file start.txt (compact mmCIF, C-alpha atoms)
# COMPACT_ATOMS: atom_id res chain seq x y z
CA MET Y 1 0.00 0.00 0.00
CA PRO Y 2 1.65 3.23 -1.07
CA ASN Y 3 2.27 5.87 1.53
CA GLN Y 4 1.50 9.12 -0.21
CA SER Y 5 -0.28 12.34 0.54
CA ARG Y 6 -3.62 13.10 -1.02
CA THR Y 7 -3.52 14.84 -4.38
CA GLU Y 8 -6.25 17.04 -5.78
CA PRO Y 9 -8.89 15.22 -7.87
CA PRO Y 10 -10.15 16.50 -11.21
CA CYS Y 11 -12.45 19.45 -10.46
CA SER Y 12 -15.41 17.78 -12.20
CA LEU Y 13 -15.43 14.74 -9.92
CA PRO Y 14 -17.16 14.41 -6.54
CA THR Y 15 -15.03 13.02 -3.74
CA GLY Y 16 -15.42 11.03 -0.55
CA LEU Y 17 -18.89 9.85 0.43
CA ALA Y 18 -20.49 11.88 -2.37
CA LEU Y 19 -18.53 9.80 -4.89
CA LEU Y 20 -19.46 6.51 -3.22
CA ARG Y 21 -23.12 7.54 -3.34
CA ASP Y 22 -23.05 8.32 -7.07
CA PRO Y 23 -23.95 5.06 -8.86
CA LEU Y 24 -22.57 6.30 -12.18
CA LEU Y 25 -19.10 6.86 -10.70
CA ASN Y 26 -18.90 4.52 -7.73
CA LYS Y 27 -16.64 1.46 -8.13
CA GLY Y 28 -16.84 0.29 -4.51
CA THR Y 29 -13.87 -1.80 -3.43
CA ALA Y 30 -12.48 -1.69 -6.99
CA PHE Y 31 -11.06 1.80 -6.40
CA THR Y 32 -7.27 1.49 -6.45
CA PHE Y 33 -5.06 2.82 -3.65
CA GLU Y 34 -4.04 5.74 -5.86
CA GLU Y 35 -7.67 6.57 -6.59
CA ARG Y 36 -8.54 6.36 -2.92
CA ASP Y 37 -5.82 8.87 -2.08
CA THR Y 38 -6.79 11.25 -4.88
CA LEU Y 39 -10.54 11.04 -4.32
CA GLY Y 40 -10.61 11.15 -0.53
CA LEU Y 41 -11.74 7.54 -0.13
CA ARG Y 42 -9.04 6.15 2.16
CA GLY Y 43 -10.71 4.78 5.26
CA LEU Y 44 -14.18 4.93 3.69
CA LEU Y 45 -13.69 1.50 2.08
CA PRO Y 46 -12.30 -1.77 3.40
CA PRO Y 47 -8.51 -1.88 2.75
CA ARG Y 48 -8.61 -4.77 0.26
CA VAL Y 49 -8.89 -3.80 -3.41
CA HIS Y 50 -11.08 -6.17 -5.44
CA THR Y 51 -11.17 -6.34 -9.21
CA GLN Y 52 -14.51 -5.86 -10.93
CA GLU Y 53 -14.40 -9.54 -11.88
CA GLU Y 54 -14.11 -10.47 -8.20
CA GLN Y 55 -16.95 -8.14 -7.35
CA ALA Y 56 -19.14 -9.65 -10.07
CA SER Y 57 -18.36 -13.16 -8.85
CA ARG Y 58 -19.51 -12.20 -5.36
CA ILE Y 59 -22.73 -10.70 -6.72
CA MET Y 60 -23.53 -13.84 -8.69
CA LEU Y 61 -22.76 -16.07 -5.69
CA ASN Y 62 -25.23 -14.16 -3.53
CA LEU Y 63 -27.77 -13.93 -6.33
CA ARG Y 64 -27.75 -17.67 -6.94
CA ASN Y 65 -28.33 -18.28 -3.24
CA LEU Y 66 -31.71 -16.57 -3.59
CA SER Y 67 -34.59 -18.77 -4.71
CA ASP Y 68 -37.29 -16.13 -5.19
CA PRO Y 69 -37.12 -14.22 -8.52
CA LEU Y 70 -38.51 -11.06 -6.90
CA GLU Y 71 -35.75 -11.15 -4.27
CA LYS Y 72 -33.23 -11.42 -7.09
CA TYR Y 73 -34.85 -8.44 -8.80
CA VAL Y 74 -34.61 -6.39 -5.61
CA ALA Y 75 -30.96 -7.38 -5.13
CA LEU Y 76 -30.05 -6.40 -8.69
CA ASN Y 77 -32.03 -3.17 -8.41
CA ALA Y 78 -30.08 -2.30 -5.26
CA LEU Y 79 -26.82 -2.99 -7.10
CA HIS Y 80 -27.99 -0.77 -9.97
CA ASP Y 81 -28.64 2.00 -7.46
CA ARG Y 82 -25.16 1.91 -5.92
CA ASN Y 83 -22.72 0.76 -8.64
CA GLU Y 84 -23.88 0.95 -12.26
CA SER Y 85 -20.63 -0.22 -13.81
CA LEU Y 86 -20.72 -3.41 -11.73
CA PHE Y 87 -24.43 -3.88 -12.43
CA PHE Y 88 -23.84 -3.77 -16.17
CA ARG Y 89 -20.78 -6.00 -15.87
CA VAL Y 90 -23.05 -8.62 -14.30
CA VAL Y 91 -25.76 -8.06 -16.94
CA ILE Y 92 -23.32 -8.35 -19.86
CA ASP Y 93 -21.44 -11.39 -18.55
CA HIS Y 94 -24.59 -13.31 -17.54
CA ILE Y 95 -27.22 -11.97 -19.90
CA ASP Y 96 -29.10 -15.27 -20.27
CA GLU Y 97 -29.44 -15.56 -16.51
CA ILE Y 98 -30.02 -11.89 -15.70
CA MET Y 99 -32.39 -10.77 -18.48
CA PRO Y 100 -35.40 -12.78 -17.18
CA ILE Y 101 -34.88 -11.10 -13.79
CA ILE Y 102 -34.50 -7.45 -14.81
CA TYR Y 103 -37.12 -7.75 -17.56
CA THR Y 104 -39.74 -10.31 -18.49
CA PRO Y 105 -41.09 -12.26 -16.77
CA THR Y 106 -39.95 -10.98 -13.35
CA VAL Y 107 -40.40 -7.28 -14.12
CA GLY Y 108 -44.15 -7.82 -14.33
CA LEU Y 109 -44.30 -9.04 -10.74
CA ALA Y 110 -41.93 -6.24 -9.72
CA CYS Y 111 -44.32 -3.67 -11.22
CA GLN Y 112 -47.24 -5.21 -9.35
CA LYS Y 113 -45.23 -5.01 -6.10
CA PHE Y 114 -43.46 -1.76 -7.00
CA GLY Y 115 -44.63 0.20 -3.97
CA GLN Y 116 -43.74 -2.60 -1.57
CA ILE Y 117 -40.20 -3.10 -2.87
CA PHE Y 118 -39.50 0.60 -3.56
CA GLN Y 119 -36.04 1.61 -2.34
CA ARG Y 120 -34.72 4.52 -4.35
CA PRO Y 121 -36.31 6.61 -7.13
CA ARG Y 122 -34.97 6.14 -10.64
CA GLY Y 123 -35.95 8.27 -13.61
CA VAL Y 124 -38.57 11.02 -13.70
CA PHE Y 125 -42.22 10.88 -12.71
CA VAL Y 126 -44.32 13.45 -14.56
CA SER Y 127 -47.86 13.65 -13.20
CA ILE Y 128 -51.03 15.23 -14.50
CA GLU Y 129 -50.58 17.76 -11.70
CA ASP Y 130 -47.42 18.99 -13.45
CA ARG Y 131 -49.32 20.42 -16.41
CA GLY Y 132 -47.85 23.78 -17.35
CA ARG Y 133 -44.45 23.05 -15.82
CA VAL Y 134 -43.31 19.76 -17.36
CA ALA Y 135 -40.13 21.39 -18.67
CA GLU Y 136 -39.31 22.51 -15.14
CA VAL Y 137 -39.78 18.95 -13.91
CA LEU Y 138 -37.51 17.53 -16.62
CA ARG Y 139 -34.80 20.07 -15.79
CA ASN Y 140 -34.51 18.44 -12.36
CA TRP Y 141 -32.90 15.46 -14.12
CA PRO Y 142 -29.13 16.06 -13.72
CA TYR Y 143 -27.93 14.33 -16.90
CA PRO Y 144 -28.37 15.03 -20.64
CA ALA Y 145 -30.97 12.50 -21.77
CA ARG Y 146 -30.36 10.96 -25.19
CA MET Y 147 -32.61 7.94 -24.98
CA ILE Y 148 -35.97 8.31 -23.22
CA VAL Y 149 -38.35 5.42 -22.59
CA VAL Y 150 -41.75 6.56 -21.35
CA THR Y 151 -44.88 4.77 -20.18
CA ASP Y 152 -48.21 5.81 -18.74
CA GLY Y 153 -48.60 2.42 -17.07
CA GLU Y 154 -52.04 1.74 -18.55
CA ARG Y 155 -51.30 -1.76 -19.80
CA ILE Y 156 -48.17 -3.48 -18.51
CA LEU Y 157 -47.23 -6.86 -19.97
CA GLY Y 158 -50.85 -8.01 -20.09
CA LEU Y 159 -51.25 -7.26 -16.37
CA GLY Y 160 -53.56 -4.30 -16.92
CA ASP Y 161 -53.44 -0.80 -15.49
CA LEU Y 162 -50.53 -0.50 -13.03
CA GLY Y 163 -50.33 3.29 -13.06
CA ALA Y 164 -47.08 4.71 -11.70
CA ASN Y 165 -45.95 1.19 -10.79
CA GLY Y 166 -45.22 0.75 -14.49
CA MET Y 167 -41.89 2.55 -14.04
CA GLY Y 168 -40.27 -0.87 -13.92
CA ILE Y 169 -40.82 -1.19 -17.68
CA PRO Y 170 -38.77 1.82 -18.89
CA VAL Y 171 -36.09 1.08 -16.28
CA GLY Y 172 -35.83 -2.51 -17.49
CA LYS Y 173 -35.84 -1.60 -21.18
CA LEU Y 174 -33.05 0.92 -20.74
CA SER Y 175 -30.99 -1.55 -18.73
CA LEU Y 176 -31.13 -3.92 -21.69
CA TYR Y 177 -30.30 -1.12 -24.15
CA THR Y 178 -27.13 -0.49 -22.17
CA GLY Y 179 -26.27 -4.11 -21.46
CA CYS Y 180 -27.03 -5.42 -24.96
CA GLY Y 181 -26.69 -2.31 -27.12
CA GLY Y 182 -23.86 -0.43 -25.41
CA ILE Y 183 -25.78 2.80 -24.84
CA ASP Y 184 -24.16 4.97 -22.17
CA PRO Y 185 -26.39 4.79 -19.06
CA ARG Y 186 -25.74 8.50 -18.42
CA VAL Y 187 -27.88 9.39 -21.42
CA CYS Y 188 -30.76 7.04 -20.59
CA LEU Y 189 -33.87 8.43 -18.93
CA PRO Y 190 -36.88 6.35 -17.83
CA VAL Y 191 -40.08 8.39 -17.53
CA THR Y 192 -43.52 7.60 -16.15
CA LEU Y 193 -46.47 9.81 -17.03
CA ASP Y 194 -48.73 9.46 -14.00
CA VAL Y 195 -52.28 10.32 -15.00
CA GLY Y 196 -53.88 8.18 -12.31
CA THR Y 197 -55.01 4.56 -12.43
CA ASN Y 198 -58.29 2.68 -12.75
CA ASN Y 199 -56.88 -0.23 -10.75
CA ALA Y 200 -59.01 -0.36 -7.60
CA GLU Y 201 -56.48 -2.50 -5.73
CA LEU Y 202 -53.73 0.06 -6.28
CA LEU Y 203 -55.97 2.95 -5.29
CA ALA Y 204 -56.57 1.15 -1.99
CA ASP Y 205 -52.91 0.12 -1.55
CA PRO Y 206 -51.20 2.24 1.15
CA TYR Y 207 -47.82 1.62 -0.53
CA TYR Y 208 -48.86 2.71 -4.03
CA VAL Y 209 -46.44 5.41 -5.24
CA GLY Y 210 -48.68 7.17 -7.76
CA LEU Y 211 -51.56 9.62 -7.73
CA ARG Y 212 -54.52 8.25 -5.81
CA GLN Y 213 -57.13 9.10 -8.43
CA ARG Y 214 -58.81 7.53 -11.43
CA ARG Y 215 -57.07 7.77 -14.78
CA ILE Y 216 -57.37 10.98 -16.79
CA SER Y 217 -58.17 10.55 -20.49
CA GLY Y 218 -59.27 12.56 -23.48
CA GLU Y 219 -58.16 16.13 -24.04
CA ALA Y 220 -56.41 16.54 -20.69
CA TYR Y 221 -54.32 13.43 -21.38
CA ASP Y 222 -53.38 14.55 -24.87
CA GLU Y 223 -52.40 18.00 -23.65
CA LEU Y 224 -50.04 16.49 -21.07
CA MET Y 225 -48.49 14.18 -23.66
CA GLU Y 226 -47.99 17.01 -26.13
CA GLU Y 227 -46.47 19.21 -23.44
CA PHE Y 228 -44.12 16.39 -22.44
CA ILE Y 229 -42.91 15.80 -26.00
CA THR Y 230 -42.33 19.52 -26.52
CA ALA Y 231 -40.58 19.92 -23.18
CA ALA Y 232 -38.33 16.92 -23.79
CA HIS Y 233 -37.10 18.41 -27.08
CA ALA Y 234 -36.48 21.76 -25.38
CA VAL Y 235 -34.75 20.46 -22.24
CA PHE Y 236 -32.57 17.86 -23.99
CA PRO Y 237 -31.38 19.49 -27.25
CA VAL Y 238 -28.95 17.68 -29.51
CA SER Y 239 -26.25 20.27 -28.79
CA SER Y 240 -25.93 18.94 -25.24
CA PHE Y 241 -24.43 15.63 -26.42
CA ASN Y 242 -20.89 14.78 -27.42
CA SER Y 243 -20.96 10.99 -27.76
CA ARG Y 244 -19.78 9.92 -31.20
CA THR Y 245 -22.07 6.97 -31.87
CA LEU Y 246 -25.32 5.55 -30.58
CA GLN Y 247 -27.81 3.08 -31.93
CA THR Y 248 -29.92 4.26 -34.81
CA THR Y 249 -33.64 4.85 -34.59
CA THR Y 250 -36.66 4.51 -36.79
CA ARG Y 251 -39.57 6.87 -36.31
CA PHE Y 252 -43.26 6.35 -36.24
CA ALA Y 253 -46.29 8.42 -35.32
CA CYS Y 254 -49.01 7.44 -32.87
CA SER Y 255 -52.07 9.13 -31.55
CA ARG Y 256 -54.59 8.43 -28.82
CA SER Y 257 -58.18 9.65 -28.64
CA THR Y 258 -57.64 12.86 -30.61
CA ALA Y 259 -55.81 13.80 -33.78
CA THR Y 260 -52.68 14.82 -31.83
CA ALA Y 261 -49.72 12.93 -33.29
CA PHE Y 262 -46.47 12.27 -31.51
CA ARG Y 263 -43.13 11.62 -33.12
CA LEU Y 264 -41.55 8.70 -31.33
CA SER Y 265 -38.64 6.36 -31.92
CA MET Y 266 -37.97 2.63 -31.71
CA MET Y 267 -34.52 1.15 -31.28
CA ILE Y 268 -32.92 -1.03 -33.97
CA SER Y 269 -29.50 -2.57 -33.90
CA ARG Y 270 -27.05 -0.78 -36.23
CA ALA Y 271 -24.82 2.07 -35.00
CA LEU Y 272 -24.85 5.43 -36.77
CA PRO Y 273 -22.93 8.69 -36.25
CA LEU Y 274 -24.59 11.05 -33.80
CA SER Y 275 -25.01 13.65 -36.54
CA ARG Y 276 -27.57 11.42 -38.24
CA LEU Y 277 -29.69 10.93 -35.14
CA PRO Y 278 -32.60 13.11 -33.95
CA ALA Y 279 -32.22 15.26 -30.86
CA PHE Y 280 -33.08 12.25 -28.76
CA SER Y 281 -34.77 8.89 -29.15
CA LEU Y 282 -38.14 8.51 -27.46
CA LEU Y 283 -39.72 5.11 -27.09
CA TYR Y 284 -43.33 5.10 -25.91
CA ALA Y 285 -43.98 1.93 -23.94
CA SER Y 286 -47.44 1.36 -25.37
CA PRO Y 287 -49.50 -1.84 -24.90
CA ALA Y 288 -48.34 -3.11 -28.28
CA ILE Y 289 -44.64 -3.04 -27.44
CA ASN Y 290 -44.47 -3.66 -23.68
call {"tool": "encode", "arguments": {"input": "start.txt", "output": "structure tokens"}}
result
Amino acid sequence: MPNQSRTEPPCSLPTGLALLRDPLLNKGTAFTFEERDTLGLRGLLPPRVHTQEEQASRIMLNLRNLSDPLEKYVALNALHDRNESLFFRVVIDHIDEIMPIIYTPTVGLACQKFGQIFQRPRGVFVSIEDRGRVAEVLRNWPYPARMIVVTDGERILGLGDLGANGMGIPVGKLSLYTGCGGIDPRVCLPVTLDVGTNNAELLADPYYVGLRQRRISGEAYDELMEEFITAAHAVFPVSSFNSRTLQTTTRFACSRSTATAFRLSMMISRALPLSRLPAFSLLYASPAIN
């Protein structure tokens, strides 16, 4: 273990506990001795340095000791919340084993139990009560979104109206886009449009995380959707991105009960230069594609 005084970290990086609590930057026990000195981490971590491969092996050992798929989902979600690089290392190296946990079929159960297993918020919840200030809500997101997956939770995987509990769908989709498609997680934003729910069980559930009201439809719904699309383009302009390549998109239009049309995007597999992409890619998690 080197005996050296602490040097100043790059000005753009958090240090100490703030760094360990940032899932995008935290490496846990994989921080080297030099990094610990520079970033003010000495003493905040156990003294042994573990490689990411060793960390991933420990995660898989503990995961395989769990028999309940929902417990595995919760464990992986907790890992995602504290160390994204390790989470995606596990996803990439064990995709056949992990994909059924972080997405179908387990994500459906996780959405049904979302309020009960809720630990830490991920993404942005835009509610019908935010009409007129959706752009302000989106500006609270600290990263430049490049890929947005949005749902209103009305029909989730054939399970019906799960309202705000449907957030598990955009979170799961984006995890797979990163793990399988290589999209930088910093530019991924899951969004739930909470316009209420017609699910009586959720409305009576004390742990439900969404608005406790019946679902809004018609003109009020369309106005919120149109405001969201407009705000997303304004808050996340293409000039805010400097990545060189991302996956390409194909566009389609969809509308609900009125003639309002929304330009949305679906992911396909081939990489294209950023200059040929739209300002961002927006995938609406509709009943047809959940």
call {"tool": "closest_residue", "arguments": {"input": "start.txt", "among": "Y:Asp184, Y:Glu35, Y:Glu84, Y:Asp96", "to": "Y:Met147", "atoms": "all atoms listed in the file"}}
result
Y:Asp184
call {"tool": "closest_residue", "arguments": {"input": "start.txt", "among": "Y:Gly123, Y:Pro100, Y:Pro237, Y:Gly210", "to": "Y:Leu162", "atoms": "all atoms listed in the file"}}
result
Y:Gly210
call {"tool": "closest_residue", "arguments": {"input": "start.txt", "among": "Y:Asn62, Y:Ser57, Y:Gln213, Y:Thr15", "to": "Y:Leu41", "atoms": "only C-alpha atoms"}}
result
Y:Thr15
call {"tool": "atom_distance", "arguments": {"input": "start.txt", "atom1": "atom CA of Y:Gly43", "atom2": "atom CA of Y:Gly16"}}
result
9.7 Å
call {"tool": "residues_around", "arguments": {"input": "start.txt", "residues": "Y:Leu25", "least_positions_apart": "5", "cutoff": "10 Å", "atoms": "only C-alpha atoms", "output": "ChimeraX atom specification"}}
result
/Y:13-14,18-20,82-85
call {"tool": "write_last_selection", "arguments": {"input": "start.txt", "atoms": "C-alpha atoms", "output": "tab-separated table (two decimals), in the coordinates of the input"}}
result
chain	number	residue	atom	x	y	z
Y	13	LEU	CA	-15.43	14.74	-9.92
Y	14	PRO	CA	-17.16	14.41	-6.54
Y	18	ALA	CA	-20.49	11.88	-2.37
Y	19	LEU	CA	-18.53	9.80	-4.89
Y	20	LEU	CA	-19.46	6.51	-3.22
Y	82	ARG	CA	-25.16	1.91	-5.92
Y	83	ASN	CA	-22.72	0.76	-8.64
Y	84	GLU	CA	-23.88	0.95	-12.26
Y	85	SER	CA	-20.63	-0.22	-13.81
call {"tool": "atom_distance", "arguments": {"input": "start.txt", "atom1": "atom CA of Y:Ala145", "atom2": "atom CA of Y:Cys180"}}
result
18.6 Å
call {"tool": "atom_distance", "arguments": {"input": "start.txt", "atom1": "atom CA of Y:Met225", "atom2": "atom CA of Y:Pro206"}}
result
27.7 Å
call {"tool": "closest_residue", "arguments": {"input": "start.txt", "among": "Y:Ala200, Y:Val49, Y:Leu138, Y:Ile102", "to": "Y:Pro170", "atoms": "only C-alpha atoms"}}
result
Y:Ile102
